[in-house]
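Scroll down for the structure; my scribbles are underneath it.
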Amino acid sequence: MSLDKPYTDVPGTTIFDADMSRMGYHLNQFCMSLMKAENRARFKANERAYLDEWPMSEEQKQAVLDRDLNRCISLGGNIYFLAKIGATDGKSFQQMAGSMTGMTEEQYRDMMVKGGRSVEGNRYTGEKK
Amino acid sequence: MSLDKPYTDVPGTTIFDADMSRMGYHLNQFCMSLMKAENRARFKANERAYLDEWPMSEEQKQAVLDRDLNRCISLGGNIYFLAKIGATDGKSFQQMAGSMTGMTEEQYRDMMVKGGRSVEGNRYTGEKK
Amino acid sequence: MAQISASVFTSHVPAIGAALDLGKTGEDYWKPVFAGYDFAKQWEKEQKPDVVFLVFNDHATAFSLDMIPTFAIGTAAEYQPADEGWGPRPVPKVIGHPKLAAHIAQSVIQDDFDLTIVNKMDVDHGLTVPLSLVFGQVDAWPCPVIPFAVNVVQYPVPSGRRCFMLGKAIRKAIESYDEPLNVQIWGTGGMSHQLQGPRAGLINREWDNAFLDKLINDPDGLSKVPHIDYVREAGSEGIELVMWLIARGAMSDVNETKKGNAPTVRHRFYHVPASNTAVGHLILENN
Amino acid sequence: MAQISASVFTSHVPAIGAALDLGKTGEDYWKPVFAGYDFAKQWEKEQKPDVVFLVFNDHATAFSLDMIPTFAIGTAAEYQPADEGWGPRPVPKVIGHPKLAAHIAQSVIQDDFDLTIVNKMDVDHGLTVPLSLVFGQVDAWPCPVIPFAVNVVQYPVPSGRRCFMLGKAIRKAIESYDEPLNVQIWGTGGMSHQLQGPRAGLINREWDNAFLDKLINDPDGLSKVPHIDYVREAGSEGIELVMWLIARGAMSDVNETKKGNAPTVRHRFYHVPASNTAVGHLILENN
Ligand SMILES: [Fe+3]
Ligand SMILES: [Fe+3]
């Protein structure tokens with residue numbers, strides 16, 4: 001693949017480009033299906049069975065079952081689509097974002113109140129903090 | 001409305017532009033609904049009742065009931081959408097096109113076999129033939 | 001002829017919508033956010049725009065991966081607030097301006113911007129939160145709105161430069177419309193935020209404020225900033241800021257053929273945080 | 001690197017699909033039409049393209065008035081033949097080339113063409129009739145196809161100039177793809193026809209043939225012809241011909257940076273009528 005990708009050296013960040021979109025197509029469309037109340041109910045009743053209706057990879061299904069958003073993203077998920085899972089679970093966007101950082105909910109909220117994560121040391125992969 | 005329309009002086013021709021599209025939105029979306037077999041069946045069973053499900057103008061509904069394609073077009077219909085009515089009726093595109101010309105089906109077919117309608121005298125409204 | 005009187009810029013955080021809709025605006029956490037919009041509410045009452053041309057992005061609501069338009073203009077008569085998974089926001093439906101929208105679409109497409117025309121679209125927080133912030137909690141929005149959706153979700157998103165040039169084409173289109181309408185153009189989204197991965201929560205106060213400075217004083221230079229700078233400095237979702245360049249490009253001081261004066265900065269506001277995001281807000285009046 | 005080896009141009013009349021599917025190709029009315037494509041079928045067996053980039057238009061099939069993209073590129077793995085009201089054509093499903101399509105989308109959007117990316121689309125006669133004419137009645141299409149849909153239904157449609165410039169951007173994108181693929185680009189639709197109103201049935205043999213001449217020898221000049229000339233001279237649906245300029249713009253003789261030689265005209269065919277339409281067909285090999 002010869003897409004020019006100047007964005008692979010940003011730490012802790014996955015850019016949702018055409019390659020990721022192709023990989024994550026069914027995962028993201030599954031998420032989209034959760035915008036309908038009846039689908040949310042069916043998913044909640046039996047997550048595995050609902051996921052099996054979608055041509056997703058086993059890793060993608062497991063990542064959803066585990067609510068491992070970082071893994072979902074590495075498998076082609078996009079945060080705006082994945083947010084539909086959070087909405088189904090009754091989670092706020094802040095809870096979802098925090099869950100990817102390795103911090104507790106409180107730690108993340110406190111960090112945000114204090115001005116958020118600094119960009120210093122967070123611009124380039126491997127950069128010294 | 002200040003759309004620049006250099007195409008209003010072509011005889012016997014309606015350009016499907018934003019104004020026409022706005023006027024014909026529900027008419028055309030009604031036509032689009034006929035791409036589903038179940039809707040075609042419901043339409044055929046009771047045309048008037050099916051049309052009444054759509055927020056179309058009375059003139060638009062009447063033009064559909066009359067299969068008056070020229071009138072449909074003057075009310076915002078587009079030929080590719082209106083063709084779904086023809087398909088529902090089992091008409092070919094040639095029968096539909098011919099029906100707008102005031103010719104019989106045979107006359108129109110013969111004209112086409114002989115090379116079609118000449119552009120001479122058909123370029124500008126009011127032009128001498 | 002129609003005229004663009006002002007541009008309004010604001011972030012569009014979903015949690016702000018939730019705070020409004022759940023009556024949390026008086027909480028200490030939210031008070032400073034809403035205070036930043038007191039000016040706008042009063043100002044809009046005086047301005048009485050006839051139409052708002054609202055540049056925003058959809059967040060996997062109206063547009064799934066089935067169809068991703070780079071630029072989509074709404075020419076519908078109305079738009080319903082979307083159910084984003086928490087139920088639709090209890091805000092008025094959005095009334096469109098099909099005639100002006102169709103006119104702009106026609107003009108801008110002929111200027112080589114390859115718009116998608118949309119006649120059916122539910123609008124998510126990207127559009128309704130700015131309306132709530134600027135017009136307040138009302139029974140009906142005070143004027144029609146033309147939604148203009150920009151893809152900032154799947155790369156490649158349009159460049160800042162492309163957005164800026166599009167703004168100029170939109171200005172030209174609006175000014176060629178033959179009714180005397182007072183039109184505002186809004187740019188929404190941003191400022192710095194990142195909603196994904198271990199770097200989530202990134203905020204860059206300095207970069208955001210430099211962005212605001214340049215948006216006011218050097219939009220042409222700002223339009224040349226590449227995507228990677230937004231991502232690196234303002235977080236992956238900070239890329240939404242390219243949309244502000246569309247609104248800025250529609251101001252008369254950057255109109256080459258009939259150059260106006262620099263706009264008046266009527267209001268400027270910046271606050272951290274609202275949920276995961278830095279909030280920026282700016283009002284520029286045309287001169 | 002991938003290379004564009006040839007461009008193929010052809011009309012895409014629905015009645016041709018019906019004649020094929022209903023076994024009428026031997027009838028006197030249809031014989032001369034299909035004879036015009038005997039060369040192409042043989043030639044394609046020798047050419048063995050790896051991918052066809054197929055420029056076509058949808059006829060109110062995949063796209064209703066809800067969303068009208070000016071330019072839409074298909075990045076899906078496959079596409080089903082659409083039911084246009086008479087049932088789907090009994091032809092193979094269309095296999096896409098998601099990797100190359102995504103690469104082209106990325107490149108062309110960064111070159112300021114505001115594409116819509118499409119991952120779900122049934123393809124109508126605009127795409128399948130050219131495949132049938134050129135590849136014949138086969139059990140599977142011989143190679144993947146990237147569908148590229150152009151709005152020529154609701155005005156304003158893109159100008160001939162915009163289409164020609166887009167073709168250049170597509171060539172650049174394809175040539176920067178790092179697999180050695182033999183790519184053909186097809187332009188479809190046209191030639192003169194009008195399907196609506198009292199002027200239906202218009203055919204302009206002279207104009208069509210002048211169009212073919214200029215497409216071969218002076219595509220740059222041809223790209224400046226305004227829409228109104230197509231409508232007036234070639235009938236309202238003759239506007240589909242702007243799509244041929246996309247394929248023509250992708251040939252190397254109009255590449256400013258690395259100018260190739262004029263293409264070889266391998267085949268040229270013109271016939272009236274097929275149903276309401278004049279049929280034109282051209283094969284140009286890159287040099
Ligand atoms: Fe946003
Ligand atoms: Fe066609």
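Identifiers for the structure tokens are assigned positionally: chains receive A, B, ... in sequence, residues are indexed from 1 per chain, and ligands are indexed from 1 in the order shown.
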
Around ligand 1, at most 10 Å away and counting only C-alpha atoms and all ligand atoms, which residues are there? Put them as a PyMOL selection string, please. (chain A and resi 80) or (chain C and resi 11-14+56-59+124-127+152-153+188-191+193+195+237-241+277)

Write out as a ChimeraX atom specification every residue belonging to chain D that has an atom at most 9 Å from any atom of chain A, counting only C-alpha atoms. /D:75-76,98-100,102-103,105-107,119,176-179

Distance query Met32 (chain B) at most 7 Å, only C-alpha atoms, self and fewer than 5 positions along chain excluded, as number ranges by chain: B: 81, 84; D: 64

Determine which residues of region 43-167 of chain D DSSP labels as strand (DSSP E) from the backbone of this structure, then write them out as a PDB file with all heavy atoms, in the first residue's frame.
```pdb
ATOM      1  N   VAL D  51      -7.206  -4.116 -13.609  1.00  0.00           N
ATOM      2  CA  VAL D  51      -8.284  -3.338 -12.986  1.00  0.00           C
ATOM      3  C   VAL D  51      -8.889  -2.419 -14.032  1.00  0.00           C
ATOM      4  O   VAL D  51      -8.172  -1.871 -14.862  1.00  0.00           O
ATOM      5  CB  VAL D  51      -7.768  -2.432 -11.829  1.00  0.00           C
ATOM      6  CG1 VAL D  51      -8.922  -1.791 -11.080  1.00  0.00           C
ATOM      7  CG2 VAL D  51      -6.874  -3.194 -10.866  1.00  0.00           C
ATOM      8  N   VAL D  52     -10.207  -2.241 -13.970  1.00  0.00           N
ATOM      9  CA  VAL D  52     -10.869  -1.206 -14.765  1.00  0.00           C
ATOM     10  C   VAL D  52     -11.393  -0.121 -13.826  1.00  0.00           C
ATOM     11  O   VAL D  52     -12.112  -0.416 -12.863  1.00  0.00           O
ATOM     12  CB  VAL D  52     -12.036  -1.785 -15.592  1.00  0.00           C
ATOM     13  CG1 VAL D  52     -12.903  -0.658 -16.167  1.00  0.00           C
ATOM     14  CG2 VAL D  52     -11.513  -2.678 -16.708  1.00  0.00           C
ATOM     15  N   PHE D  53     -10.989   1.111 -14.077  1.00  0.00           N
ATOM     16  CA  PHE D  53     -11.541   2.270 -13.370  1.00  0.00           C
ATOM     17  C   PHE D  53     -12.691   2.774 -14.241  1.00  0.00           C
ATOM     18  O   PHE D  53     -12.462   3.301 -15.330  1.00  0.00           O
ATOM     19  CB  PHE D  53     -10.453   3.333 -13.199  1.00  0.00           C
ATOM     20  CG  PHE D  53     -10.878   4.486 -12.327  1.00  0.00           C
ATOM     21  CD1 PHE D  53     -10.573   4.487 -10.968  1.00  0.00           C
ATOM     22  CD2 PHE D  53     -11.580   5.568 -12.854  1.00  0.00           C
ATOM     23  CE1 PHE D  53     -10.959   5.545 -10.152  1.00  0.00           C
ATOM     24  CE2 PHE D  53     -11.978   6.619 -12.046  1.00  0.00           C
ATOM     25  CZ  PHE D  53     -11.664   6.615 -10.690  1.00  0.00           C
ATOM     26  N   LEU D  54     -13.927   2.569 -13.776  1.00  0.00           N
ATOM     27  CA  LEU D  54     -15.080   2.754 -14.653  1.00  0.00           C
ATOM     28  C   LEU D  54     -15.915   3.981 -14.248  1.00  0.00           C
ATOM     29  O   LEU D  54     -16.591   3.973 -13.214  1.00  0.00           O
ATOM     30  CB  LEU D  54     -15.934   1.474 -14.637  1.00  0.00           C
ATOM     31  CG  LEU D  54     -16.829   1.251 -15.851  1.00  0.00           C
ATOM     32  CD1 LEU D  54     -17.249  -0.211 -15.964  1.00  0.00           C
ATOM     33  CD2 LEU D  54     -18.033   2.162 -15.909  1.00  0.00           C
ATOM     34  N   VAL D  55     -15.821   5.001 -15.067  1.00  0.00           N
ATOM     35  CA  VAL D  55     -16.576   6.232 -14.826  1.00  0.00           C
ATOM     36  C   VAL D  55     -17.967   6.065 -15.411  1.00  0.00           C
ATOM     37  O   VAL D  55     -18.110   5.751 -16.593  1.00  0.00           O
ATOM     38  CB  VAL D  55     -15.873   7.437 -15.475  1.00  0.00           C
ATOM     39  CG1 VAL D  55     -16.646   8.715 -15.200  1.00  0.00           C
ATOM     40  CG2 VAL D  55     -14.433   7.554 -14.988  1.00  0.00           C
ATOM     41  N   PHE D  56     -18.976   6.259 -14.591  1.00  0.00           N
ATOM     42  CA  PHE D  56     -20.351   6.067 -15.060  1.00  0.00           C
ATOM     43  C   PHE D  56     -21.271   6.984 -14.268  1.00  0.00           C
ATOM     44  O   PHE D  56     -20.838   7.710 -13.382  1.00  0.00           O
ATOM     45  CB  PHE D  56     -20.780   4.602 -14.879  1.00  0.00           C
ATOM     46  CG  PHE D  56     -21.114   4.227 -13.451  1.00  0.00           C
ATOM     47  CD1 PHE D  56     -22.428   3.949 -13.074  1.00  0.00           C
ATOM     48  CD2 PHE D  56     -20.127   4.177 -12.478  1.00  0.00           C
ATOM     49  CE1 PHE D  56     -22.740   3.618 -11.763  1.00  0.00           C
ATOM     50  CE2 PHE D  56     -20.432   3.855 -11.156  1.00  0.00           C
ATOM     51  CZ  PHE D  56     -21.742   3.568 -10.804  1.00  0.00           C
ATOM     52  N   MET D  67     -29.386  12.103  -1.238  1.00  0.00           N
ATOM     53  CA  MET D  67     -27.967  12.444  -1.249  1.00  0.00           C
ATOM     54  C   MET D  67     -27.471  12.359  -2.669  1.00  0.00           C
ATOM     55  O   MET D  67     -27.560  11.295  -3.304  1.00  0.00           O
ATOM     56  CB  MET D  67     -27.198  11.428  -0.396  1.00  0.00           C
ATOM     57  CG  MET D  67     -26.556  12.033   0.830  1.00  0.00           C
ATOM     58  SD  MET D  67     -25.798  10.729   1.806  1.00  0.00           S
ATOM     59  CE  MET D  67     -24.113  11.329   1.868  1.00  0.00           C
ATOM     60  N   ILE D  68     -26.933  13.444  -3.179  1.00  0.00           N
ATOM     61  CA  ILE D  68     -26.480  13.502  -4.568  1.00  0.00           C
ATOM     62  C   ILE D  68     -25.013  13.908  -4.597  1.00  0.00           C
ATOM     63  O   ILE D  68     -24.682  15.087  -4.577  1.00  0.00           O
ATOM     64  CB  ILE D  68     -27.313  14.532  -5.368  1.00  0.00           C
ATOM     65  CG1 ILE D  68     -28.808  14.276  -5.185  1.00  0.00           C
ATOM     66  CG2 ILE D  68     -26.908  14.522  -6.839  1.00  0.00           C
ATOM     67  CD1 ILE D  68     -29.689  15.460  -5.555  1.00  0.00           C
ATOM     68  N   PRO D  69     -24.111  12.919  -4.650  1.00  0.00           N
ATOM     69  CA  PRO D  69     -22.694  13.280  -4.709  1.00  0.00           C
ATOM     70  C   PRO D  69     -22.300  13.701  -6.113  1.00  0.00           C
ATOM     71  O   PRO D  69     -22.697  13.061  -7.090  1.00  0.00           O
ATOM     72  CB  PRO D  69     -21.961  11.990  -4.329  1.00  0.00           C
ATOM     73  CG  PRO D  69     -22.965  10.898  -4.378  1.00  0.00           C
ATOM     74  CD  PRO D  69     -24.320  11.464  -4.624  1.00  0.00           C
ATOM     75  N   PHE D  71     -19.136  13.632  -7.255  1.00  0.00           N
ATOM     76  CA  PHE D  71     -18.223  12.540  -7.636  1.00  0.00           C
ATOM     77  C   PHE D  71     -18.194  11.531  -6.493  1.00  0.00           C
ATOM     78  O   PHE D  71     -17.955  11.920  -5.338  1.00  0.00           O
ATOM     79  CB  PHE D  71     -16.794  13.048  -7.843  1.00  0.00           C
ATOM     80  CG  PHE D  71     -16.618  14.018  -8.983  1.00  0.00           C
ATOM     81  CD1 PHE D  71     -16.033  15.267  -8.760  1.00  0.00           C
ATOM     82  CD2 PHE D  71     -16.995  13.691 -10.271  1.00  0.00           C
ATOM     83  CE1 PHE D  71     -15.846  16.168  -9.808  1.00  0.00           C
ATOM     84  CE2 PHE D  71     -16.806  14.586 -11.327  1.00  0.00           C
ATOM     85  CZ  PHE D  71     -16.234  15.830 -11.093  1.00  0.00           C
ATOM     86  N   ALA D  72     -18.397  10.256  -6.785  1.00  0.00           N
ATOM     87  CA  ALA D  72     -18.371   9.234  -5.742  1.00  0.00           C
ATOM     88  C   ALA D  72     -17.491   8.073  -6.187  1.00  0.00           C
ATOM     89  O   ALA D  72     -17.694   7.512  -7.273  1.00  0.00           O
ATOM     90  CB  ALA D  72     -19.778   8.733  -5.444  1.00  0.00           C
ATOM     91  N   ILE D  73     -16.525   7.714  -5.356  1.00  0.00           N
ATOM     92  CA  ILE D  73     -15.639   6.598  -5.695  1.00  0.00           C
ATOM     93  C   ILE D  73     -15.986   5.393  -4.835  1.00  0.00           C
ATOM     94  O   ILE D  73     -16.170   5.511  -3.619  1.00  0.00           O
ATOM     95  CB  ILE D  73     -14.156   6.989  -5.528  1.00  0.00           C
ATOM     96  CG1 ILE D  73     -13.251   5.856  -6.048  1.00  0.00           C
ATOM     97  CG2 ILE D  73     -13.802   7.337  -4.077  1.00  0.00           C
ATOM     98  CD1 ILE D  73     -11.803   6.274  -6.250  1.00  0.00           C
ATOM     99  N   GLY D  74     -16.103   4.239  -5.464  1.00  0.00           N
ATOM    100  CA  GLY D  74     -16.443   3.011  -4.751  1.00  0.00           C
ATOM    101  C   GLY D  74     -15.194   2.349  -4.181  1.00  0.00           C
ATOM    102  O   GLY D  74     -14.310   1.976  -4.946  1.00  0.00           O
ATOM    103  N   GLU D  78     -17.210  -5.452  -3.085  1.00  0.00           N
ATOM    104  CA  GLU D  78     -18.050  -5.882  -4.199  1.00  0.00           C
ATOM    105  C   GLU D  78     -19.325  -5.058  -4.308  1.00  0.00           C
ATOM    106  O   GLU D  78     -19.699  -4.334  -3.372  1.00  0.00           O
ATOM    107  CB  GLU D  78     -18.388  -7.373  -4.084  1.00  0.00           C
ATOM    108  CG  GLU D  78     -19.038  -7.762  -2.780  1.00  0.00           C
ATOM    109  CD  GLU D  78     -19.326  -9.264  -2.713  1.00  0.00           C
ATOM    110  OE1 GLU D  78     -18.362 -10.043  -2.741  1.00  0.00           O
ATOM    111  OE2 GLU D  78     -20.517  -9.626  -2.653  1.00  0.00           O
ATOM    112  N   TYR D  79     -19.963  -5.171  -5.464  1.00  0.00           N
ATOM    113  CA  TYR D  79     -21.149  -4.395  -5.793  1.00  0.00           C
ATOM    114  C   TYR D  79     -22.146  -5.312  -6.492  1.00  0.00           C
ATOM    115  O   TYR D  79     -21.770  -6.044  -7.408  1.00  0.00           O
ATOM    116  CB  TYR D  79     -20.787  -3.227  -6.725  1.00  0.00           C
ATOM    117  CG  TYR D  79     -19.633  -2.412  -6.219  1.00  0.00           C
ATOM    118  CD1 TYR D  79     -18.321  -2.763  -6.546  1.00  0.00           C
ATOM    119  CD2 TYR D  79     -19.833  -1.323  -5.376  1.00  0.00           C
ATOM    120  CE1 TYR D  79     -17.242  -2.037  -6.052  1.00  0.00           C
ATOM    121  CE2 TYR D  79     -18.756  -0.593  -4.878  1.00  0.00           C
ATOM    122  CZ  TYR D  79     -17.470  -0.952  -5.224  1.00  0.00           C
ATOM    123  OH  TYR D  79     -16.412  -0.242  -4.729  1.00  0.00           O
ATOM    124  N   VAL D  94     -19.993  -7.415  -9.314  1.00  0.00           N
ATOM    125  CA  VAL D  94     -18.794  -6.660  -9.651  1.00  0.00           C
ATOM    126  C   VAL D  94     -17.846  -6.706  -8.454  1.00  0.00           C
ATOM    127  O   VAL D  94     -18.225  -6.348  -7.342  1.00  0.00           O
ATOM    128  CB  VAL D  94     -19.173  -5.202 -10.002  1.00  0.00           C
ATOM    129  CG1 VAL D  94     -17.925  -4.355 -10.212  1.00  0.00           C
ATOM    130  CG2 VAL D  94     -20.067  -5.180 -11.242  1.00  0.00           C
ATOM    131  N   ILE D  95     -16.624  -7.186  -8.703  1.00  0.00           N
ATOM    132  CA  ILE D  95     -15.621  -7.239  -7.645  1.00  0.00           C
ATOM    133  C   ILE D  95     -14.831  -5.934  -7.670  1.00  0.00           C
ATOM    134  O   ILE D  95     -14.375  -5.505  -8.737  1.00  0.00           O
ATOM    135  CB  ILE D  95     -14.666  -8.438  -7.864  1.00  0.00           C
ATOM    136  CG1 ILE D  95     -15.461  -9.738  -7.992  1.00  0.00           C
ATOM    137  CG2 ILE D  95     -13.619  -8.510  -6.752  1.00  0.00           C
ATOM    138  CD1 ILE D  95     -16.253 -10.119  -6.764  1.00  0.00           C
ATOM    139  N   THR D 116     -16.883  11.894  -2.708  1.00  0.00           N
ATOM    140  CA  THR D 116     -17.613  11.121  -1.715  1.00  0.00           C
ATOM    141  C   THR D 116     -17.115   9.684  -1.815  1.00  0.00           C
ATOM    142  O   THR D 116     -16.996   9.142  -2.910  1.00  0.00           O
ATOM    143  CB  THR D 116     -19.126  11.208  -1.977  1.00  0.00           C
ATOM    144  OG1 THR D 116     -19.548  12.546  -1.707  1.00  0.00           O
ATOM    145  CG2 THR D 116     -19.907  10.255  -1.096  1.00  0.00           C
ATOM    146  N   ILE D 117     -16.799   9.103  -0.656  1.00  0.00           N
ATOM    147  CA  ILE D 117     -16.326   7.719  -0.626  1.00  0.00           C
ATOM    148  C   ILE D 117     -17.529   6.823  -0.365  1.00  0.00           C
ATOM    149  O   ILE D 117     -18.304   7.072   0.561  1.00  0.00           O
ATOM    150  CB  ILE D 117     -15.244   7.566   0.460  1.00  0.00           C
ATOM    151  CG1 ILE D 117     -13.996   8.338   0.025  1.00  0.00           C
ATOM    152  CG2 ILE D 117     -14.941   6.102   0.726  1.00  0.00           C
ATOM    153  CD1 ILE D 117     -12.962   8.487   1.107  1.00  0.00           C
ATOM    154  N   VAL D 118     -17.696   5.792  -1.204  1.00  0.00           N
ATOM    155  CA  VAL D 118     -18.885   4.946  -1.105  1.00  0.00           C
ATOM    156  C   VAL D 118     -18.476   3.504  -0.845  1.00  0.00           C
ATOM    157  O   VAL D 118     -17.651   2.944  -1.565  1.00  0.00           O
ATOM    158  CB  VAL D 118     -19.718   5.016  -2.397  1.00  0.00           C
ATOM    159  CG1 VAL D 118     -20.925   4.096  -2.312  1.00  0.00           C
ATOM    160  CG2 VAL D 118     -20.179   6.435  -2.643  1.00  0.00           C
ATOM    161  N   VAL D 145     -13.152  -4.040 -10.698  1.00  0.00           N
ATOM    162  CA  VAL D 145     -13.633  -2.777 -11.259  1.00  0.00           C
ATOM    163  C   VAL D 145     -13.759  -1.759 -10.119  1.00  0.00           C
ATOM    164  O   VAL D 145     -14.282  -2.091  -9.054  1.00  0.00           O
ATOM    165  CB  VAL D 145     -15.018  -2.978 -11.914  1.00  0.00           C
ATOM    166  CG1 VAL D 145     -15.619  -1.640 -12.340  1.00  0.00           C
ATOM    167  CG2 VAL D 145     -14.922  -3.938 -13.102  1.00  0.00           C
ATOM    168  N   ILE D 146     -13.268  -0.558 -10.345  1.00  0.00           N
ATOM    169  CA  ILE D 146     -13.500   0.534  -9.395  1.00  0.00           C
ATOM    170  C   ILE D 146     -14.581   1.433  -9.982  1.00  0.00           C
ATOM    171  O   ILE D 146     -14.351   2.114 -10.982  1.00  0.00           O
ATOM    172  CB  ILE D 146     -12.213   1.342  -9.137  1.00  0.00           C
ATOM    173  CG1 ILE D 146     -11.149   0.433  -8.507  1.00  0.00           C
ATOM    174  CG2 ILE D 146     -12.498   2.540  -8.232  1.00  0.00           C
ATOM    175  CD1 ILE D 146      -9.797   1.089  -8.338  1.00  0.00           C
ATOM    176  N   PRO D 147     -15.778   1.427  -9.384  1.00  0.00           N
ATOM    177  CA  PRO D 147     -16.856   2.263  -9.913  1.00  0.00           C
ATOM    178  C   PRO D 147     -16.651   3.715  -9.484  1.00  0.00           C
ATOM    179  O   PRO D 147     -16.360   3.988  -8.320  1.00  0.00           O
ATOM    180  CB  PRO D 147     -18.120   1.708  -9.238  1.00  0.00           C
ATOM    181  CG  PRO D 147     -17.688   0.488  -8.471  1.00  0.00           C
ATOM    182  CD  PRO D 147     -16.229   0.611  -8.240  1.00  0.00           C
ATOM    183  N   PHE D 148     -16.801   4.614 -10.412  1.00  0.00           N
ATOM    184  CA  PHE D 148     -16.678   6.043 -10.121  1.00  0.00           C
ATOM    185  C   PHE D 148     -17.917   6.741 -10.685  1.00  0.00           C
ATOM    186  O   PHE D 148     -18.071   6.853 -11.899  1.00  0.00           O
ATOM    187  CB  PHE D 148     -15.398   6.609 -10.745  1.00  0.00           C
ATOM    188  CG  PHE D 148     -15.083   7.996 -10.266  1.00  0.00           C
ATOM    189  CD1 PHE D 148     -14.260   8.188  -9.160  1.00  0.00           C
ATOM    190  CD2 PHE D 148     -15.624   9.114 -10.904  1.00  0.00           C
ATOM    191  CE1 PHE D 148     -13.983   9.473  -8.700  1.00  0.00           C
ATOM    192  CE2 PHE D 148     -15.359  10.393 -10.448  1.00  0.00           C
ATOM    193  CZ  PHE D 148     -14.528  10.578  -9.348  1.00  0.00           C
ATOM    194  N   ALA D 149     -18.795   7.165  -9.790  1.00  0.00           N
ATOM    195  CA  ALA D 149     -20.091   7.707 -10.211  1.00  0.00           C
ATOM    196  C   ALA D 149     -20.062   9.231 -10.264  1.00  0.00           C
ATOM    197  O   ALA D 149     -19.554   9.887  -9.351  1.00  0.00           O
ATOM    198  CB  ALA D 149     -21.187   7.243  -9.246  1.00  0.00           C
ATOM    199  N   VAL D 150     -20.623   9.771 -11.326  1.00  0.00           N
ATOM    200  CA  VAL D 150     -20.653  11.215 -11.550  1.00  0.00           C
ATOM    201  C   VAL D 150     -22.109  11.666 -11.591  1.00  0.00           C
ATOM    202  O   VAL D 150     -22.938  11.023 -12.243  1.00  0.00           O
ATOM    203  CB  VAL D 150     -19.958  11.564 -12.884  1.00  0.00           C
ATOM    204  CG1 VAL D 150     -20.009  13.056 -13.165  1.00  0.00           C
ATOM    205  CG2 VAL D 150     -18.516  11.062 -12.888  1.00  0.00           C
TER     206      VAL D 150
END
```

Would you list, as a PyMOL selection string, the residues of region 107-183 of chain C that end up in alpha helix (DSSP H) under DSSP run on this structure's backbone? chain C and resi 107-110+125-135+160-175

Which of these, C:Gly221, C:Gly160, C:Gly197, C:Pro180, has the shortest distance to chain D once you count only C-alpha atoms?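 Among the listed residues, the smallest separation from chain D belongs to C:Gly160.
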
Leaving out Leu282 (chain C) and any residue of its chain fewer than 2 positions from it, which residues lie within 9 Å of it when counting only C-alpha atoms, given as a PyMOL selection string? chain C and resi 7-10+212+265-270+280+284

File dump, residues just selected, C-alpha atoms, as a PDB file, in the first residue's frame:
```
ATOM      1  CA  SER C   7     -18.750  34.896  11.340  1.00  0.00           C
ATOM      2  CA  VAL C   8     -19.162  32.986  14.573  1.00  0.00           C
ATOM      3  CA  PHE C   9     -16.779  30.262  15.735  1.00  0.00           C
ATOM      4  CA  THR C  10     -17.376  27.790  18.517  1.00  0.00           C
ATOM      5  CA  LEU C 212      -7.298  32.141  17.317  1.00  0.00           C
ATOM      6  CA  VAL C 265     -13.349  41.106  16.924  1.00  0.00           C
ATOM      7  CA  ARG C 266     -16.572  41.444  18.889  1.00  0.00           C
ATOM      8  CA  HIS C 267     -15.916  38.624  21.317  1.00  0.00           C
ATOM      9  CA  ARG C 268     -13.225  36.112  22.153  1.00  0.00           C
ATOM     10  CA  PHE C 269     -13.418  33.343  24.730  1.00  0.00           C
ATOM     11  CA  TYR C 270     -11.320  30.365  25.689  1.00  0.00           C
ATOM     12  CA  GLY C 280     -12.957  28.299  21.933  1.00  0.00           C
ATOM     13  CA  LEU C 284     -15.997  38.515  13.914  1.00  0.00           C
TER      14      LEU C 284
END
```

Which neighbours of Gln194 (chain D) fall inside 9 Å, counting only C-alpha atoms, when residues of the same chain fewer than 2 positions from it are skipped, and could you give them as a list of chain:residue names?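 The contact residues come out as B:Thr13, B:Ala97, D:Ser192, D:Gln196, D:Gly197, D:Arg199, D:Ala200, D:Gly201, D:Leu202, D:Ile203, D:Val231, D:Ala234, D:Gly235, D:Ser236, D:Glu237, D:Gly238, D:Asn276, D:Thr277.
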
If you count only C-alpha atoms, which residues fall within 10 Å of Gly126 (chain A), apart from same-chain ones fewer than 3 positions away, as a PyMOL selection string? chain A and resi 9-11+121-123+129

Restricting it to N, CA and C atoms, dump the selection as a CSV table (one decimal), in the first residue's frame.
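New file out.csv:
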```
chain,number,residue,atom,x,y,z
A,9,ASP,N,3.9,8.7,13.5
A,9,ASP,CA,4.9,8.9,14.6
A,9,ASP,C,4.3,9.8,15.8
A,10,VAL,N,3.0,9.9,15.8
A,10,VAL,CA,2.3,10.6,16.9
A,10,VAL,C,2.0,9.5,18.0
A,11,PRO,N,2.5,9.7,19.2
A,11,PRO,CA,2.3,8.6,20.2
A,11,PRO,C,0.9,8.5,20.6
A,121,GLY,N,6.4,16.4,25.3
A,121,GLY,CA,6.7,15.0,25.4
A,121,GLY,C,5.7,14.1,24.7
A,122,ASN,N,4.7,14.7,24.2
A,122,ASN,CA,3.6,13.8,23.5
A,122,ASN,C,3.5,14.1,22.0
A,123,ARG,N,4.5,14.7,21.5
A,123,ARG,CA,4.4,15.1,20.1
A,123,ARG,C,4.9,13.9,19.2
A,129,LYS,N,10.1,12.7,27.7
A,129,LYS,CA,9.1,13.5,28.4
A,129,LYS,C,9.8,14.6,29.3
```
